[in-house]
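These notes concern the structure reproduced below.
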Amino acid sequence: MNYLQTQLPPQDKNIEQSFLVSILQDDKRFIDALLLKHKEFYVTQHQKIFKAMQSLYKNQERIDLVTLHGKLEKPDLDYLIKISSFAEYTNNIPKCVEIIQGHAVNRDLLTSICKIKEFVYTGNSNALDYAQTEIMKYKVVQSQGEIFNIKELIQDQIDQIEQHNTVKKNQGLFLGFKSLDKYINLQEGVYSVIAGRPSMGKTAFALTIIRNMALEGGKPGIISLEMGKSKLINRWLSMLTGINTMNFSRFNAIKPPEWQSLTDAAAEIYSKWDVLITDAPAHNINTVERQARQMVSKGADCLFIDQLSHIGGESDDDFKNYTQHSNRIARLKRELKIPIFLMAQLNRKVEDRANKEPKLSDLKMTGSLEEDADIVFLLFRPEYYEQDPQEKREKARDVVINIAKNRDGTTYREGDVIIFDKGRTLFEEDYNRLNQYY
C-alpha cells in the first residue's frame, strides 16, 4: 500500500483544541486570528466552533460559553466544554494560526497531487496543463502586516533615494517619450491603466512602449487577449519599416525594396529585442495571474495586459467582474513588484457628451479602475469624431494623452508633442514640436 495512504492527512488536533480554548478564555486574542478560515481546521467540530466565534466577533459580541450557546448545537457545545477541561492554554495565538494554516495548505496540496496523479494514470492529454494550473494555485504566503517603527526604516530609505539619484540603472523603466517620462515613475510595483474608447489607439500605445523598452534593453511581456501573436509582430514590423500592416496579408503588395527593409527589421528584433508574448485566452482572472507569474519567472520586468474586457468573469455583471479583476491586478503588482499596464475600454456613455474627450470620472463606469490604478492614461484622437473632411485630414495625426491620475507625481495632458501615425499604428514624438517645448 502507498505510504501516504497509510498516514493521516497533515493536522494537529491538539493545537486546534488549544487555540479554541485559549480564545474562549481571552476573546480579545481573536484579533490575531482574523485571517484564519473555518475550513482550515481539520476537525469538523472545530470548524463549526470557530465559525460561531467568527460570527460573534463580527457582531462585536463577547465570545464565551454563554454567547456560543445560542450559536452551536448541543453536541458541539458539549464537546467545547469537555476540551476546556484538559486542552492547554496558549498565549501564542499567531503561532497556532500559522500551524493550522500550514497543515491546511499541505492537505490541499496532497489533494492536488492525487488529482494530478489521476489525470496522468487515465492518459488525459491535458495532464501537464492541468498540473501546472493546479500547482500555480499555491501562492507564496503574503505578509500578514508586520509592524515597523519608522526609526528602523528611515536610513534604508535615504540610502535607496541616494542610489536612485546616483546609479542610472536603478532609476526604473521608461515609456520612451520624453514629454511623458518626466512626469511618471515606473519603479517596482506600479499599476497603470491605459483607457479610451475603441479606435483611440490603446493597443498601439502599449506596443509602442514595448518597442521603446525593448530597444533600451528591457524585457517586457504582453498578455494579449485581443490580438494574436502574428498580428502583434506585424504591428512591430510596421513600426520599424513604415509598411502598412494590411500589405502583409495581400498578394504581391510588398515591393522589392521593402523586402530588404522588412528583413532588416526582423534581424533587429531577433538580435536586440527580448519580449515575452502569450495570446492564450484568459478564461478567468486566475489564468491572467498564472500567465503573469510565468512571465516574471522568465525574467519579465514589465507586463502589459490587453485588455480588461477579454478576461472571463464569474458574473453576468460586467461592473462586478471588472472590479474584481482590477482589484486582483492591483494586488498582483505588489506581489510581482514590477510595473503592470492594463488596457481598458471606456463605457459608450462617453459618446453622449458634446466633448468626447474622456475624463477620469469616466472610469467610474468601469469597475474600480480609478481607485486601484496608480497611473491612468486617457487616450483621445480628435480625428475619429471629426465630420468635416478637411478638418479630419488636418487632425489625422493629432492625439491627446492625458495622465489623468498619477499617485506619485503630477497629472499632465499631452496634446502638442506626440503624434499618431495611423498607417504604422505608431505613437511618436514630433521632434520639431518637441524642440519648441523642451
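Chains: A, B, ... in order of the C-alpha cells. Residues: from 1 per chain. Ligands: from 1, in order shown.
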Give me the residues within 10 Å of Ser368 of chain A as a PDB file with N, CA and C atoms, in the first residue's frame, counting only C-alpha atoms and dropping any in the same chain fewer than 2 places off.
```pdb
ATOM      1  N   PHE A 319     -19.639  45.147 -14.471  1.00  0.00           N
ATOM      2  CA  PHE A 319     -19.091  46.048 -13.459  1.00  0.00           C
ATOM      3  C   PHE A 319     -18.444  45.255 -12.324  1.00  0.00           C
ATOM      4  N   LYS A 320     -19.130  44.209 -11.853  1.00  0.00           N
ATOM      5  CA  LYS A 320     -18.582  43.369 -10.779  1.00  0.00           C
ATOM      6  C   LYS A 320     -17.324  42.642 -11.238  1.00  0.00           C
ATOM      7  N   TYR A 322     -15.217  43.533 -13.673  1.00  0.00           N
ATOM      8  CA  TYR A 322     -14.118  44.471 -13.858  1.00  0.00           C
ATOM      9  C   TYR A 322     -13.534  44.905 -12.515  1.00  0.00           C
ATOM     10  N   THR A 323     -14.410  45.084 -11.530  1.00  0.00           N
ATOM     11  CA  THR A 323     -13.932  45.467 -10.200  1.00  0.00           C
ATOM     12  C   THR A 323     -13.048  44.375  -9.601  1.00  0.00           C
ATOM     13  N   GLN A 324     -13.526  43.135  -9.680  1.00  0.00           N
ATOM     14  CA  GLN A 324     -12.730  42.022  -9.145  1.00  0.00           C
ATOM     15  C   GLN A 324     -11.394  41.904  -9.880  1.00  0.00           C
ATOM     16  N   HIS A 325     -11.428  42.008 -11.197  1.00  0.00           N
ATOM     17  CA  HIS A 325     -10.202  41.856 -11.977  1.00  0.00           C
ATOM     18  C   HIS A 325      -9.207  42.969 -11.682  1.00  0.00           C
ATOM     19  N   SER A 326      -9.708  44.194 -11.567  1.00  0.00           N
ATOM     20  CA  SER A 326      -8.825  45.315 -11.255  1.00  0.00           C
ATOM     21  C   SER A 326      -8.220  45.158  -9.865  1.00  0.00           C
ATOM     22  N   ASN A 327      -9.029  44.750  -8.894  1.00  0.00           N
ATOM     23  CA  ASN A 327      -8.520  44.520  -7.526  1.00  0.00           C
ATOM     24  C   ASN A 327      -7.407  43.475  -7.525  1.00  0.00           C
ATOM     25  N   LEU A 363     -14.012  56.522 -15.682  1.00  0.00           N
ATOM     26  CA  LEU A 363     -13.591  55.201 -15.209  1.00  0.00           C
ATOM     27  C   LEU A 363     -14.530  54.639 -14.147  1.00  0.00           C
ATOM     28  N   LYS A 364     -15.331  55.496 -13.547  1.00  0.00           N
ATOM     29  CA  LYS A 364     -16.260  55.024 -12.512  1.00  0.00           C
ATOM     30  C   LYS A 364     -17.276  54.047 -13.096  1.00  0.00           C
ATOM     31  N   MET A 365     -17.469  54.110 -14.404  1.00  0.00           N
ATOM     32  CA  MET A 365     -18.401  53.198 -15.063  1.00  0.00           C
ATOM     33  C   MET A 365     -17.735  51.869 -15.418  1.00  0.00           C
ATOM     34  N   THR A 366     -16.421  51.750 -15.093  1.00  0.00           N
ATOM     35  CA  THR A 366     -15.662  50.548 -15.459  1.00  0.00           C
ATOM     36  C   THR A 366     -15.032  49.932 -14.223  1.00  0.00           C
ATOM     37  N   GLU A 370     -10.350  53.442 -11.325  1.00  0.00           N
ATOM     38  CA  GLU A 370      -9.875  54.746 -10.859  1.00  0.00           C
ATOM     39  C   GLU A 370      -9.238  54.630  -9.479  1.00  0.00           C
ATOM     40  N   GLU A 371      -9.848  53.850  -8.590  1.00  0.00           N
ATOM     41  CA  GLU A 371      -9.325  53.709  -7.222  1.00  0.00           C
ATOM     42  C   GLU A 371      -8.075  52.838  -7.186  1.00  0.00           C
ATOM     43  N   ASP A 372      -8.045  51.769  -7.974  1.00  0.00           N
ATOM     44  CA  ASP A 372      -6.951  50.802  -7.901  1.00  0.00           C
ATOM     45  C   ASP A 372      -5.669  51.281  -8.574  1.00  0.00           C
ATOM     46  N   ALA A 373      -5.805  51.986  -9.691  1.00  0.00           N
ATOM     47  CA  ALA A 373      -4.640  52.339 -10.507  1.00  0.00           C
ATOM     48  C   ALA A 373      -3.760  53.386  -9.841  1.00  0.00           C
TER      49      ALA A 373
END
```
Among segment 181-425 of chain A, which ones does DSSP place in strand (DSSP E), written as a ChimeraX atom specification? /A:191-196,220-224,276-278,302-306,340-345,375-380,400-406,412-414,418-421
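In this model, the gap between atom CA of Asn212 of chain A and atom CA of Gly423 of chain A comes to 18.5 Å.
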Proximity to Ile49 of chain A - best of A:Pro382, A:Val66, A:Gln294, A:Leu80, only C-alpha atoms: A:Leu80
Using only C-alpha atoms, which residues sit within 9 Å of His46 of chain A once same-chain residues fewer than 3 positions away are excluded, as a list in words? Glu16, Gln17, Leu20, His38, Phe41, Tyr42, Val43, Ile49, Phe50, Lys51, Asp76 and Leu80 of chain A
Got time to write the residues from that selection, N, CA and C atoms, as a JSON list (two decimals), in the first residue's frame?
```
[["chain", "number", "residue", "atom", "x", "y", "z"],
["A", 16, "GLU", "N", -5.34, 22.72, 17.48],
["A", 16, "GLU", "CA", -6.67, 23.26, 17.19],
["A", 16, "GLU", "C", -7.48, 23.41, 18.48],
["A", 17, "GLN", "N", -7.42, 22.39, 19.35],
["A", 17, "GLN", "CA", -8.14, 22.46, 20.61],
["A", 17, "GLN", "C", -7.59, 23.57, 21.50],
["A", 20, "LEU", "N", -8.81, 27.02, 20.30],
["A", 20, "LEU", "CA", -10.20, 27.32, 20.61],
["A", 20, "LEU", "C", -10.40, 27.62, 22.08],
["A", 38, "HIS", "N", -12.55, 28.99, 8.67],
["A", 38, "HIS", "CA", -13.04, 27.82, 9.40],
["A", 38, "HIS", "C", -12.69, 26.51, 8.68],
["A", 41, "PHE", "N", -9.46, 24.31, 9.58],
["A", 41, "PHE", "CA", -9.39, 23.35, 10.69],
["A", 41, "PHE", "C", -9.62, 21.95, 10.13],
["A", 42, "TYR", "N", -8.95, 20.98, 10.72],
["A", 42, "TYR", "CA", -9.08, 19.59, 10.25],
["A", 42, "TYR", "C", -10.31, 18.92, 10.84],
["A", 43, "VAL", "N", -10.56, 19.14, 12.12],
["A", 43, "VAL", "CA", -11.69, 18.50, 12.81],
["A", 43, "VAL", "C", -12.98, 19.28, 12.50],
["A", 49, "ILE", "N", -17.19, 25.35, 15.59],
["A", 49, "ILE", "CA", -16.96, 26.21, 16.75],
["A", 49, "ILE", "C", -16.30, 27.52, 16.31],
["A", 50, "PHE", "N", -15.28, 27.42, 15.46],
["A", 50, "PHE", "CA", -14.59, 28.62, 15.00],
["A", 50, "PHE", "C", -15.52, 29.53, 14.19],
["A", 51, "LYS", "N", -16.36, 28.93, 13.36],
["A", 51, "LYS", "CA", -17.32, 29.71, 12.56],
["A", 51, "LYS", "C", -18.27, 30.48, 13.47],
["A", 76, "ASP", "N", -21.91, 19.98, 19.86],
["A", 76, "ASP", "CA", -20.71, 20.79, 19.65],
["A", 76, "ASP", "C", -20.38, 21.62, 20.88],
["A", 80, "LEU", "N", -17.03, 21.37, 23.29],
["A", 80, "LEU", "CA", -16.19, 22.51, 23.66],
["A", 80, "LEU", "C", -15.99, 22.57, 25.17]]
```
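Nearest residue to Leu342 of chain A among A:Pro257, A:Gly196, A:Gly218, A:Gly313 is A:Gly196, counting only C-alpha atoms.
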Atom-to-atom span, atom CA of Ala195 of chain A and atom CA of Arg433 of chain A, Å: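 Separation between atom CA of Ala195 of chain A and atom CA of Arg433 of chain A: 24.9 Å.
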So which one's closest to Pro281 of chain A, A:Glu216, A:Glu383, A:Glu226, A:Asp408? Using only C-alpha atoms, please.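 Checking each candidate against Pro281 of chain A, we get A:Glu226 as the closest.
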Skip Gln60 of chain A itself and residues of its chain fewer than 3 positions away, then list as a compact mmCIF listing (two decimals) with C-alpha atoms, in the first residue's frame all residues within 12 Å of it, counting only C-alpha atoms.
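The result, written out as selection.txt:
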```txt
# COMPACT_ATOMS: atom_id res chain seq x y z
CA ASP A 27 -11.57 36.58 23.38
CA LYS A 28 -9.52 39.74 22.83
CA PHE A 30 -9.32 36.74 18.33
CA ILE A 31 -7.90 39.80 16.58
CA MET A 53 -16.73 32.51 17.13
CA GLN A 54 -16.25 34.41 13.87
CA SER A 55 -19.93 35.33 13.80
CA LEU A 56 -19.82 36.64 17.37
CA TYR A 57 -16.67 38.68 16.71
CA ILE A 63 -17.01 35.06 22.82
CA THR A 67 -22.92 33.51 23.74
```
Proximity to Thr278 of chain A - best of A:Asn347, A:Asn92, A:Ser230, A:Asn252, only C-alpha atoms: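 Among the listed residues, the smallest separation from Thr278 of chain A belongs to A:Ser230.
Atom CA of Thr425 of chain A lies 11.1 Å from atom CA of Leu232 of chain A.
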Go through A:Val105, A:Ile222, A:Ile99, A:Ala204 and flag the residue nearest Asp12 of chain A, using only C-alpha atoms for the distances.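 Of A:Val105, A:Ile222, A:Ile99, A:Ala204, the one nearest Asp12 of chain A, counting only C-alpha atoms, is A:Ile99.
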Near segment 235-243 of chain A, counting only C-alpha atoms, which residues have an atom at most 9 Å away, once you skip same-chain residues fewer than 4 positions from it, shown as a VMD selection string? chain A and resid 204 207 to 208 211 230 to 231 247 to 248 254 258 261 to 262 264 to 266 269 423 to 426
Could you turn the residues from that selection into a file that holds N, CA and C atoms, as an mmCIF file, in the first residue's frame?
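Dumped to result09.cif:
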```
data_model
loop_
_atom_site.group_PDB
_atom_site.id
_atom_site.type_symbol
_atom_site.label_atom_id
_atom_site.label_comp_id
_atom_site.auth_asym_id
_atom_site.auth_seq_id
_atom_site.Cartn_x
_atom_site.Cartn_y
_atom_site.Cartn_z
ATOM 1 N N ALA A 204 -1.989 50.182 -29.738
ATOM 2 C CA ALA A 204 -0.853 50.789 -30.444
ATOM 3 C C ALA A 204 0.063 51.531 -29.471
ATOM 4 N N LEU A 207 1.995 48.846 -27.532
ATOM 5 C CA LEU A 207 3.018 48.206 -28.370
ATOM 6 C C LEU A 207 4.175 49.148 -28.666
ATOM 7 N N THR A 208 3.884 50.446 -28.762
ATOM 8 C CA THR A 208 4.959 51.421 -28.949
ATOM 9 C C THR A 208 5.840 51.478 -27.706
ATOM 10 N N ARG A 211 8.012 48.423 -27.639
ATOM 11 C CA ARG A 211 9.125 48.598 -28.578
ATOM 12 C C ARG A 211 10.208 49.478 -27.962
ATOM 13 N N SER A 230 0.812 36.765 -34.141
ATOM 14 C CA SER A 230 1.221 37.140 -35.500
ATOM 15 C C SER A 230 0.895 38.596 -35.782
ATOM 16 N N LYS A 231 -0.292 39.029 -35.357
ATOM 17 C CA LYS A 231 -0.686 40.418 -35.588
ATOM 18 C C LYS A 231 0.156 41.374 -34.756
ATOM 19 N N ASN A 247 -0.608 45.357 -45.989
ATOM 20 C CA ASN A 247 0.164 44.790 -47.100
ATOM 21 C C ASN A 247 0.806 43.452 -46.761
ATOM 22 N N PHE A 248 0.891 43.130 -45.462
ATOM 23 C CA PHE A 248 1.495 41.858 -45.062
ATOM 24 C C PHE A 248 0.626 40.657 -45.432
ATOM 25 N N ILE A 254 4.057 43.832 -51.288
ATOM 26 C CA ILE A 254 5.343 44.311 -50.786
ATOM 27 C C ILE A 254 6.347 44.368 -51.937
ATOM 28 N N GLU A 258 11.143 47.087 -50.201
ATOM 29 C CA GLU A 258 10.526 46.915 -48.884
ATOM 30 C C GLU A 258 10.911 45.585 -48.252
ATOM 31 N N SER A 261 13.971 46.101 -46.266
ATOM 32 C CA SER A 261 13.632 46.796 -45.029
ATOM 33 C C SER A 261 12.994 45.843 -44.033
ATOM 34 N N LEU A 262 12.139 44.975 -44.539
ATOM 35 C CA LEU A 262 11.447 44.010 -43.679
ATOM 36 C C LEU A 262 12.433 43.002 -43.081
ATOM 37 N N ASP A 264 15.654 43.493 -42.609
ATOM 38 C CA ASP A 264 16.494 44.202 -41.630
ATOM 39 C C ASP A 264 15.758 44.377 -40.299
ATOM 40 N N ALA A 265 14.451 44.683 -40.380
ATOM 41 C CA ALA A 265 13.656 44.865 -39.160
ATOM 42 C C ALA A 265 13.559 43.557 -38.376
ATOM 43 N N ALA A 266 13.337 42.460 -39.100
ATOM 44 C CA ALA A 266 13.259 41.154 -38.438
ATOM 45 C C ALA A 266 14.579 40.811 -37.760
ATOM 46 N N ILE A 269 14.874 42.859 -34.541
ATOM 47 C CA ILE A 269 14.041 42.297 -33.468
ATOM 48 C C ILE A 269 14.692 41.044 -32.899
ATOM 49 N N GLY A 423 -0.984 54.754 -40.303
ATOM 50 C CA GLY A 423 -0.523 53.699 -41.198
ATOM 51 C C GLY A 423 0.350 52.686 -40.508
ATOM 52 N N ARG A 424 1.203 53.163 -39.613
ATOM 53 C CA ARG A 424 2.108 52.260 -38.880
ATOM 54 C C ARG A 424 1.575 51.925 -37.492
ATOM 55 N N THR A 425 0.408 52.446 -37.152
ATOM 56 C CA THR A 425 -0.159 52.312 -35.801
ATOM 57 C C THR A 425 0.912 52.562 -34.743
ATOM 58 N N LEU A 426 1.535 53.715 -34.885
ATOM 59 C CA LEU A 426 2.689 54.061 -34.058
ATOM 60 C C LEU A 426 2.513 55.446 -33.433
#
```
Backbone-only DSSP, alpha helix (DSSP H) members of segment 81-225 of chain A, as a VMD selection string: chain A and resid 81 to 84 93 to 121 127 to 135 150 to 166 178 to 181 202 to 215
Might you pull out every residue within 12 Å of Gly312 of chain A, with only C-alpha atoms counted and same-chain residues fewer than 4 positions away left off, and present them as a ChimeraX atom specification? /A:225,281-288,307-308,316-318,320-322,324-325
What's around Met295 of chain A at 8 Å? Count only C-alpha atoms, leave out sequence neighbours fewer than 5 positions away in its own chain, and write the answer as a list in words. Gly221, Leu276 and Ala300 of chain A
Now that the selection is made, can you save its residues with C-alpha atoms as a PDB file, in the first residue's frame?
```pdb
ATOM      1  CA  GLY A 221       5.901  40.853 -21.514  1.00  0.00           C
ATOM      2  CA  LEU A 276       7.691  37.746 -23.978  1.00  0.00           C
ATOM      3  CA  ALA A 300       9.908  39.912 -17.500  1.00  0.00           C
TER       4      ALA A 300
END
```
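Comparing the minimum interatomic distances between His310 of chain A and each of A:Gln390, A:Asn124, A:Gln345, A:Gln101, counting only C-alpha atoms, we find that A:Gln345 sits nearest.
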